$ cat work-v5.pdb   # PDB, C-alpha atoms
ATOM      1  CA  MET A 270     -58.211 -14.645 -42.878
ATOM      2  CA  THR A 271     -60.046 -17.954 -42.942
ATOM      3  CA  GLN A 272     -63.261 -18.233 -40.954
ATOM      4  CA  TRP A 273     -64.256 -21.308 -38.975
ATOM      5  CA  PRO A 274     -66.038 -23.496 -39.975
ATOM      6  CA  PRO A 275     -64.301 -24.085 -43.282
ATOM      7  CA  GLY A 276     -66.779 -24.611 -46.086
ATOM      8  CA  PRO A 277     -69.245 -27.417 -46.624
ATOM      9  CA  ASP A 278     -68.990 -30.925 -45.196
ATOM     10  CA  THR A 279     -69.154 -32.535 -48.616
ATOM     11  CA  GLY A 280     -68.134 -31.633 -52.106
ATOM     12  CA  THR A 281     -65.482 -32.132 -54.714
ATOM     13  CA  ASP A 282     -62.651 -31.539 -52.248
ATOM     14  CA  GLY A 283     -63.535 -34.753 -50.371
ATOM     15  CA  GLY A 284     -64.229 -32.796 -47.198
ATOM     16  CA  ARG A 285     -64.335 -34.823 -44.014
ATOM     17  CA  ARG A 286     -65.319 -33.659 -40.564
ATOM     18  CA  TYR A 287     -64.993 -35.252 -37.138
ATOM     19  CA  ALA A 288     -65.993 -33.846 -33.748
ATOM     20  CA  PHE A 289     -65.949 -35.134 -30.197
ATOM     21  CA  ALA A 290     -66.915 -33.674 -26.838
ATOM     22  CA  LEU A 291     -64.809 -34.016 -23.703
ATOM     23  CA  PRO A 292     -65.166 -32.953 -20.087
ATOM     24  CA  ALA A 293     -63.369 -29.649 -19.469
ATOM     25  CA  ARG A 294     -60.704 -31.287 -17.296
ATOM     26  CA  ALA A 295     -56.924 -31.448 -17.596
ATOM     27  CA  GLU A 296     -56.899 -35.198 -18.253
ATOM     28  CA  SER A 297     -59.053 -34.668 -21.345
ATOM     29  CA  VAL A 298     -56.165 -33.007 -23.185
ATOM     30  CA  ALA A 299     -54.254 -36.279 -23.621
ATOM     31  CA  TYR A 300     -57.444 -37.938 -24.830
ATOM     32  CA  ALA A 301     -57.928 -35.155 -27.412
ATOM     33  CA  ARG A 302     -54.379 -35.740 -28.710
ATOM     34  CA  GLY A 303     -54.981 -39.478 -29.002
ATOM     35  CA  ARG A 304     -58.322 -39.117 -30.768
ATOM     36  CA  THR A 305     -56.805 -36.593 -33.174
ATOM     37  CA  ARG A 306     -53.898 -38.875 -34.074
ATOM     38  CA  ALA A 307     -56.206 -41.863 -34.525
ATOM     39  CA  ARG A 308     -58.687 -40.020 -36.766
ATOM     40  CA  LEU A 309     -55.982 -38.489 -38.943
ATOM     41  CA  ALA A 310     -54.319 -41.894 -39.326
ATOM     42  CA  ARG A 311     -57.704 -43.252 -40.412
ATOM     43  CA  TRP A 312     -57.867 -40.422 -42.965
ATOM     44  CA  ASN A 313     -54.376 -41.488 -44.147
ATOM     45  CA  LEU A 314     -52.751 -38.140 -43.425
ATOM     46  CA  ASP A 315     -48.974 -38.209 -43.037
ATOM     47  CA  ALA A 316     -47.319 -38.678 -39.644
ATOM     48  CA  GLY A 317     -45.943 -35.132 -39.550
ATOM     49  CA  THR A 318     -49.385 -33.661 -40.057
ATOM     50  CA  ARG A 319     -50.849 -35.975 -37.409
ATOM     51  CA  GLU A 320     -48.250 -34.913 -34.841
ATOM     52  CA  THR A 321     -48.604 -31.217 -35.668
ATOM     53  CA  ALA A 322     -52.397 -31.431 -35.372
ATOM     54  CA  ALA A 323     -52.101 -33.345 -32.088
ATOM     55  CA  LEU A 324     -49.876 -30.602 -30.674
ATOM     56  CA  VAL A 325     -52.220 -27.856 -31.880
ATOM     57  CA  ILE A 326     -55.343 -29.530 -30.472
ATOM     58  CA  SER A 327     -53.470 -30.088 -27.223
ATOM     59  CA  GLU A 328     -52.672 -26.388 -26.919
ATOM     60  CA  LEU A 329     -56.194 -25.290 -27.852
ATOM     61  CA  ALA A 330     -57.808 -27.789 -25.470
ATOM     62  CA  THR A 331     -55.469 -26.829 -22.633
ATOM     63  CA  ASN A 332     -56.331 -23.169 -23.167
ATOM     64  CA  ALA A 333     -60.053 -23.963 -23.075
ATOM     65  CA  VAL A 334     -59.780 -26.112 -19.942
ATOM     66  CA  VAL A 335     -57.627 -23.608 -18.038
ATOM     67  CA  HIS A 336     -59.238 -20.322 -19.087
ATOM     68  CA  ALA A 337     -62.752 -20.768 -20.449
ATOM     69  CA  GLY A 338     -64.809 -22.418 -17.761
ATOM     70  CA  GLY A 339     -67.752 -24.624 -18.544
ATOM     71  CA  GLU A 340     -68.219 -28.356 -18.189
ATOM     72  CA  THR A 341     -67.327 -29.529 -21.697
ATOM     73  CA  ILE A 342     -65.242 -28.664 -24.719
ATOM     74  CA  LEU A 343     -65.878 -29.745 -28.290
ATOM     75  CA  CYS A 344     -62.908 -30.658 -30.474
ATOM     76  CA  GLU A 345     -63.334 -30.614 -34.238
ATOM     77  CA  LEU A 346     -61.201 -31.681 -37.201
ATOM     78  CA  ALA A 347     -62.033 -30.904 -40.818
ATOM     79  CA  ASP A 348     -60.085 -32.037 -43.863
ATOM     80  CA  HIS A 349     -60.735 -29.974 -47.003
ATOM     81  CA  GLY A 350     -58.322 -30.540 -49.824
ATOM     82  CA  LEU A 351     -54.842 -29.392 -48.855
ATOM     83  CA  ARG A 352     -55.843 -27.926 -45.495
ATOM     84  CA  LEU A 353     -56.647 -29.418 -42.139
ATOM     85  CA  TYR A 354     -58.713 -27.328 -39.735
ATOM     86  CA  VAL A 355     -58.459 -27.937 -36.011
ATOM     87  CA  ALA A 356     -60.822 -26.209 -33.583
ATOM     88  CA  VAL A 357     -61.895 -26.255 -29.961
ATOM     89  CA  HIS A 358     -65.291 -24.874 -28.964
ATOM     90  CA  ASP A 359     -65.536 -23.750 -25.335
ATOM     91  CA  HIS A 360     -67.815 -21.786 -23.033
ATOM     92  CA  GLY A 361     -65.532 -18.768 -22.777
ATOM     93  CA  VAL A 362     -67.199 -15.423 -22.405
ATOM     94  CA  GLY A 363     -66.106 -11.922 -21.609
ATOM     95  CA  PRO A 364     -64.176  -9.114 -23.201
ATOM     96  CA  ASN A 365     -60.842 -10.930 -23.435
ATOM     97  CA  SER A 366     -60.298 -13.187 -26.410
ATOM     98  CA  PRO A 367     -57.393 -15.614 -26.445
ATOM     99  CA  ARG A 368     -54.256 -14.035 -27.947
ATOM    100  CA  ALA A 369     -50.693 -15.125 -28.597
ATOM    101  CA  ASN A 370     -48.677 -12.945 -26.224
ATOM    102  CA  PRO A 371     -44.940 -13.338 -25.711
ATOM    103  CA  LEU A 372     -44.058 -13.942 -22.067
ATOM    104  CA  PRO A 373     -40.851 -13.497 -20.115
ATOM    105  CA  GLY A 374     -38.440 -16.414 -20.532
ATOM    106  CA  GLU A 375     -38.954 -17.589 -16.954
ATOM    107  CA  ALA A 376     -42.754 -18.004 -17.244
ATOM    108  CA  ASP A 377     -43.913 -21.597 -16.656
ATOM    109  CA  SER A 378     -46.906 -21.443 -19.008
ATOM    110  CA  GLY A 379     -48.730 -19.219 -21.447
ATOM    111  CA  ARG A 380     -46.996 -20.058 -24.720
ATOM    112  CA  GLY A 381     -49.666 -22.328 -26.188
ATOM    113  CA  LEU A 382     -51.142 -19.862 -28.656
ATOM    114  CA  LEU A 383     -47.655 -18.823 -29.760
ATOM    115  CA  VAL A 384     -47.043 -22.475 -30.610
ATOM    116  CA  VAL A 385     -50.347 -22.591 -32.519
ATOM    117  CA  GLN A 386     -49.433 -19.391 -34.379
ATOM    118  CA  CYS A 387     -46.027 -20.785 -35.375
ATOM    119  CA  LEU A 388     -47.385 -24.138 -36.588
ATOM    120  CA  SER A 389     -50.420 -22.913 -38.507
ATOM    121  CA  ASP A 390     -50.998 -20.998 -41.719
ATOM    122  CA  ALA A 391     -53.774 -19.093 -39.952
ATOM    123  CA  TRP A 392     -55.608 -19.186 -36.661
ATOM    124  CA  GLY A 393     -58.355 -17.201 -35.054
ATOM    125  CA  VAL A 394     -61.119 -16.837 -32.524
ATOM    126  CA  HIS A 395     -64.807 -16.102 -32.901
ATOM    127  CA  ASP A 396     -67.827 -16.188 -30.649
ATOM    128  CA  THR A 397     -70.389 -18.932 -31.084
ATOM    129  CA  GLU A 398     -73.987 -18.102 -31.826
ATOM    130  CA  PRO A 399     -76.416 -18.510 -30.305
ATOM    131  CA  GLY A 400     -75.337 -18.555 -26.717
ATOM    132  CA  PRO A 401     -72.121 -18.150 -24.812
ATOM    133  CA  GLY A 402     -68.863 -19.583 -25.990
ATOM    134  CA  ARG A 403     -66.164 -19.248 -28.580
ATOM    135  CA  VAL A 404     -64.244 -21.249 -31.133
ATOM    136  CA  VAL A 405     -60.464 -21.103 -31.344
ATOM    137  CA  TRP A 406     -59.286 -22.631 -34.615
ATOM    138  CA  ALA A 407     -56.147 -23.205 -36.663
ATOM    139  CA  GLU A 408     -55.542 -24.030 -40.311
ATOM    140  CA  LEU A 409     -52.700 -26.436 -41.070
ATOM    141  CA  PRO A 410     -51.299 -27.443 -44.433
ATOM    142  CA  TYR A 411     -51.047 -31.193 -44.658
ATOM    143  CA  GLY A 412     -48.281 -33.084 -46.279
ATOM    144  CA  ALA A 413     -45.822 -30.430 -45.149
ATOM    145  CA  GLY A 414     -44.409 -32.535 -42.308
ATOM    146  CA  LEU A 415     -44.181 -29.598 -39.901
ATOM    147  CA  LEU A 416     -42.974 -31.937 -37.166
ATOM    148  CA  PRO A 417     -41.141 -35.230 -37.608
ATOM    149  CA  GLY A 418     -43.563 -38.127 -37.379
TER
END
$ encode --input "work-v5.pdb" --output "structure tokens"
Amino acid sequence: MTQWPPGPDTGTDGGRRYAFALPARAESVAYARGRTRARLARWNLDAGTRETAALVISELATNAVVHAGGETILCELADHGLRLYVAVHDHGVGPNSPRANPLPGEADSGRGLLVVQCLSDAWGVHDTEPGPGRVVWAELPYGAGLLPG
């Protein structure tokens, strides 16, 4: 499994990295989607990849805002060759890591990490060091057009 962060910031793969902090509030999720789309357009990634990444960052940010606590979240994008890495750093602590659990069909929420799992080649969670918090990340192939753009 891939570990976040993915490799060096520079090198022969043309690695690019972009991060931005947001208040841990529900209205920040739409802002995270918009910033993700804008940055990936600036990097000239295809529309399908931009939309897939926007959906993934939306799910990760929503999870952080709803479950992790803390005042801010940090969203990060990294482009390394044929892979795009999307991550959200939060202040989550405790014994329960985020997991993709199927829910009954009538549940109103709780499917975000299942969506991330379905759209990504890999995803995972690890604690941040030093201090409290965790990173939930996903690895997406670009150019695959996972969603229509």
$ atom_distance --input "work-v5.pdb" --atom1 "CA of His395 (chain A)" --atom2 "CA of Gly361 (chain A)"
10.5 Å
$ resolve_selection --input "work-v5.pdb" --expression "the PyMOL selection byres ((chain A and resi 301) around 12)" --output "PyMOL selection string"
chain A and resi 288-300+302-308+322-331+334+342-346+355-357
$ atom_distance --input "work-v5.pdb" --atom1 "CA of Gly338 (chain A)" --atom2 "CA of Pro401 (chain A)"
11.0 Å
$ resolve_selection --input "work-v5.pdb" --expression "the PyMOL selection byres ((chain A and resi 396) around 10)" --output "mmCIF file with C-alpha atoms, in the coordinates of the input"
data_model
loop_
_atom_site.group_PDB
_atom_site.id
_atom_site.type_symbol
_atom_site.label_atom_id
_atom_site.label_comp_id
_atom_site.auth_asym_id
_atom_site.auth_seq_id
_atom_site.Cartn_x
_atom_site.Cartn_y
_atom_site.Cartn_z
ATOM 1 C CA HIS A 358 -65.291 -24.874 -28.964
ATOM 2 C CA ASP A 359 -65.536 -23.750 -25.335
ATOM 3 C CA HIS A 360 -67.815 -21.786 -23.033
ATOM 4 C CA GLY A 361 -65.532 -18.768 -22.777
ATOM 5 C CA VAL A 362 -67.199 -15.423 -22.405
ATOM 6 C CA SER A 366 -60.298 -13.187 -26.410
ATOM 7 C CA VAL A 394 -61.119 -16.837 -32.524
ATOM 8 C CA HIS A 395 -64.807 -16.102 -32.901
ATOM 9 C CA THR A 397 -70.389 -18.932 -31.084
ATOM 10 C CA GLU A 398 -73.987 -18.102 -31.826
ATOM 11 C CA PRO A 399 -76.416 -18.510 -30.305
ATOM 12 C CA GLY A 400 -75.337 -18.555 -26.717
ATOM 13 C CA PRO A 401 -72.121 -18.150 -24.812
ATOM 14 C CA GLY A 402 -68.863 -19.583 -25.990
ATOM 15 C CA ARG A 403 -66.164 -19.248 -28.580
ATOM 16 C CA VAL A 404 -64.244 -21.249 -31.133
ATOM 17 C CA VAL A 405 -60.464 -21.103 -31.344
#
$ atom_distance --input "work-v5.pdb" --atom1 "CA of Ser389 (chain A)" --atom2 "CA of Trp406 (chain A)"
9.7 Å
$ closest_residue --input "work-v5.pdb" --among "A:Glu408, A:Asp348, A:Glu320, A:Asp315" --to "Gln386 (chain A)" --atoms "only C-alpha atoms"
A:Glu408
$ closest_residue --input "work-v5.pdb" --among "A:Tyr287, A:Gly393, A:Leu351, A:Tyr411" --to "Arg311 (chain A)" --atoms "all atoms listed in the file"
A:Tyr287
$ closest_residue --input "work-v5.pdb" --among "A:Val335, A:Trp392, A:Pro410, A:Val385" --to "Arg319 (chain A)" --atoms "all atoms listed in the file"
A:Pro410
$ decode --input "work-v5.pdb" --residues "region 327-358 of chain A" --atoms "N, CA and C atoms" --output "tab-separated table (two decimals), in the first residue's frame"
chain	number	residue	atom	x	y	z
A	327	SER	N	-13.91	16.26	-1.36
A	327	SER	CA	-15.16	16.60	-0.69
A	327	SER	C	-15.52	15.57	0.38
A	328	GLU	N	-15.39	14.30	0.04
A	328	GLU	CA	-15.71	13.25	1.01
A	328	GLU	C	-14.72	13.23	2.17
A	329	LEU	N	-13.44	13.40	1.87
A	329	LEU	CA	-12.43	13.41	2.94
A	329	LEU	C	-12.60	14.63	3.85
A	330	ALA	N	-12.86	15.78	3.26
A	330	ALA	CA	-13.05	17.00	4.06
A	330	ALA	C	-14.32	16.91	4.90
A	331	THR	N	-15.39	16.40	4.32
A	331	THR	CA	-16.63	16.23	5.09
A	331	THR	C	-16.40	15.32	6.28
A	332	ASN	N	-15.70	14.22	6.06
A	332	ASN	CA	-15.40	13.29	7.15
A	332	ASN	C	-14.61	13.99	8.26
A	333	ALA	N	-13.62	14.78	7.87
A	333	ALA	CA	-12.80	15.49	8.86
A	333	ALA	C	-13.63	16.51	9.63
A	334	VAL	N	-14.47	17.25	8.94
A	334	VAL	CA	-15.28	18.29	9.59
A	334	VAL	C	-16.28	17.65	10.56
A	335	VAL	N	-16.93	16.58	10.14
A	335	VAL	CA	-17.99	15.96	10.94
A	335	VAL	C	-17.43	15.15	12.11
A	336	HIS	N	-16.32	14.44	11.90
A	336	HIS	CA	-15.88	13.45	12.89
A	336	HIS	C	-14.61	13.79	13.66
A	337	ALA	N	-13.76	14.65	13.14
A	337	ALA	CA	-12.42	14.77	13.73
A	337	ALA	C	-12.29	15.83	14.82
A	338	GLY	N	-13.08	16.84	14.79
A	338	GLY	CA	-12.87	17.93	15.74
A	338	GLY	C	-11.72	18.81	15.30
A	339	GLY	N	-11.41	19.79	16.07
A	339	GLY	CA	-10.34	20.71	15.71
A	339	GLY	C	-10.90	21.93	14.98
A	340	GLU	N	-10.05	22.92	14.84
A	340	GLU	CA	-10.49	24.19	14.23
A	340	GLU	C	-10.18	24.29	12.76
A	341	THR	N	-9.20	23.52	12.27
A	341	THR	CA	-8.82	23.61	10.87
A	341	THR	C	-8.59	22.22	10.28
A	342	ILE	N	-8.65	22.17	8.96
A	342	ILE	CA	-8.22	20.99	8.22
A	342	ILE	C	-7.22	21.48	7.17
A	343	LEU	N	-6.35	20.60	6.75
A	343	LEU	CA	-5.39	20.93	5.70
A	343	LEU	C	-5.63	19.97	4.55
A	344	CYS	N	-5.91	20.55	3.38
A	344	CYS	CA	-6.12	19.75	2.17
A	344	CYS	C	-4.84	19.80	1.35
A	345	GLU	N	-4.48	18.66	0.76
A	345	GLU	CA	-3.23	18.59	0.01
A	345	GLU	C	-3.43	17.79	-1.27
A	346	LEU	N	-2.84	18.28	-2.35
A	346	LEU	CA	-2.83	17.61	-3.65
A	346	LEU	C	-1.38	17.42	-4.05
A	347	ALA	N	-1.05	16.27	-4.61
A	347	ALA	CA	0.30	16.03	-5.10
A	347	ALA	C	0.20	15.25	-6.40
A	348	ASP	N	0.87	15.77	-7.42
A	348	ASP	CA	0.89	15.16	-8.74
A	348	ASP	C	2.28	14.59	-8.98
A	349	HIS	N	2.35	13.26	-9.10
A	349	HIS	CA	3.64	12.58	-9.31
A	349	HIS	C	3.50	11.60	-10.46
A	350	GLY	N	3.84	12.03	-11.64
A	350	GLY	CA	3.77	11.12	-12.77
A	350	GLY	C	2.36	10.78	-13.16
A	351	LEU	N	1.99	9.53	-13.06
A	351	LEU	CA	0.66	9.08	-13.48
A	351	LEU	C	-0.31	8.95	-12.32
A	352	ARG	N	0.04	9.51	-11.18
A	352	ARG	CA	-0.81	9.40	-9.99
A	352	ARG	C	-1.05	10.78	-9.38
A	353	LEU	N	-2.26	10.95	-8.91
A	353	LEU	CA	-2.62	12.15	-8.17
A	353	LEU	C	-2.96	11.70	-6.75
A	354	TYR	N	-2.36	12.34	-5.77
A	354	TYR	CA	-2.62	12.04	-4.37
A	354	TYR	C	-3.44	13.18	-3.78
A	355	VAL	N	-4.49	12.80	-3.08
A	355	VAL	CA	-5.39	13.74	-2.44
A	355	VAL	C	-5.41	13.38	-0.96
A	356	ALA	N	-5.23	14.37	-0.08
A	356	ALA	CA	-5.21	14.07	1.35
A	356	ALA	C	-5.86	15.19	2.14
A	357	VAL	N	-6.41	14.82	3.28
A	357	VAL	CA	-6.91	15.79	4.25
A	357	VAL	C	-6.29	15.46	5.60
A	358	HIS	N	-5.63	16.44	6.17
A	358	HIS	CA	-5.03	16.33	7.51
A	358	HIS	C	-6.05	16.92	8.48
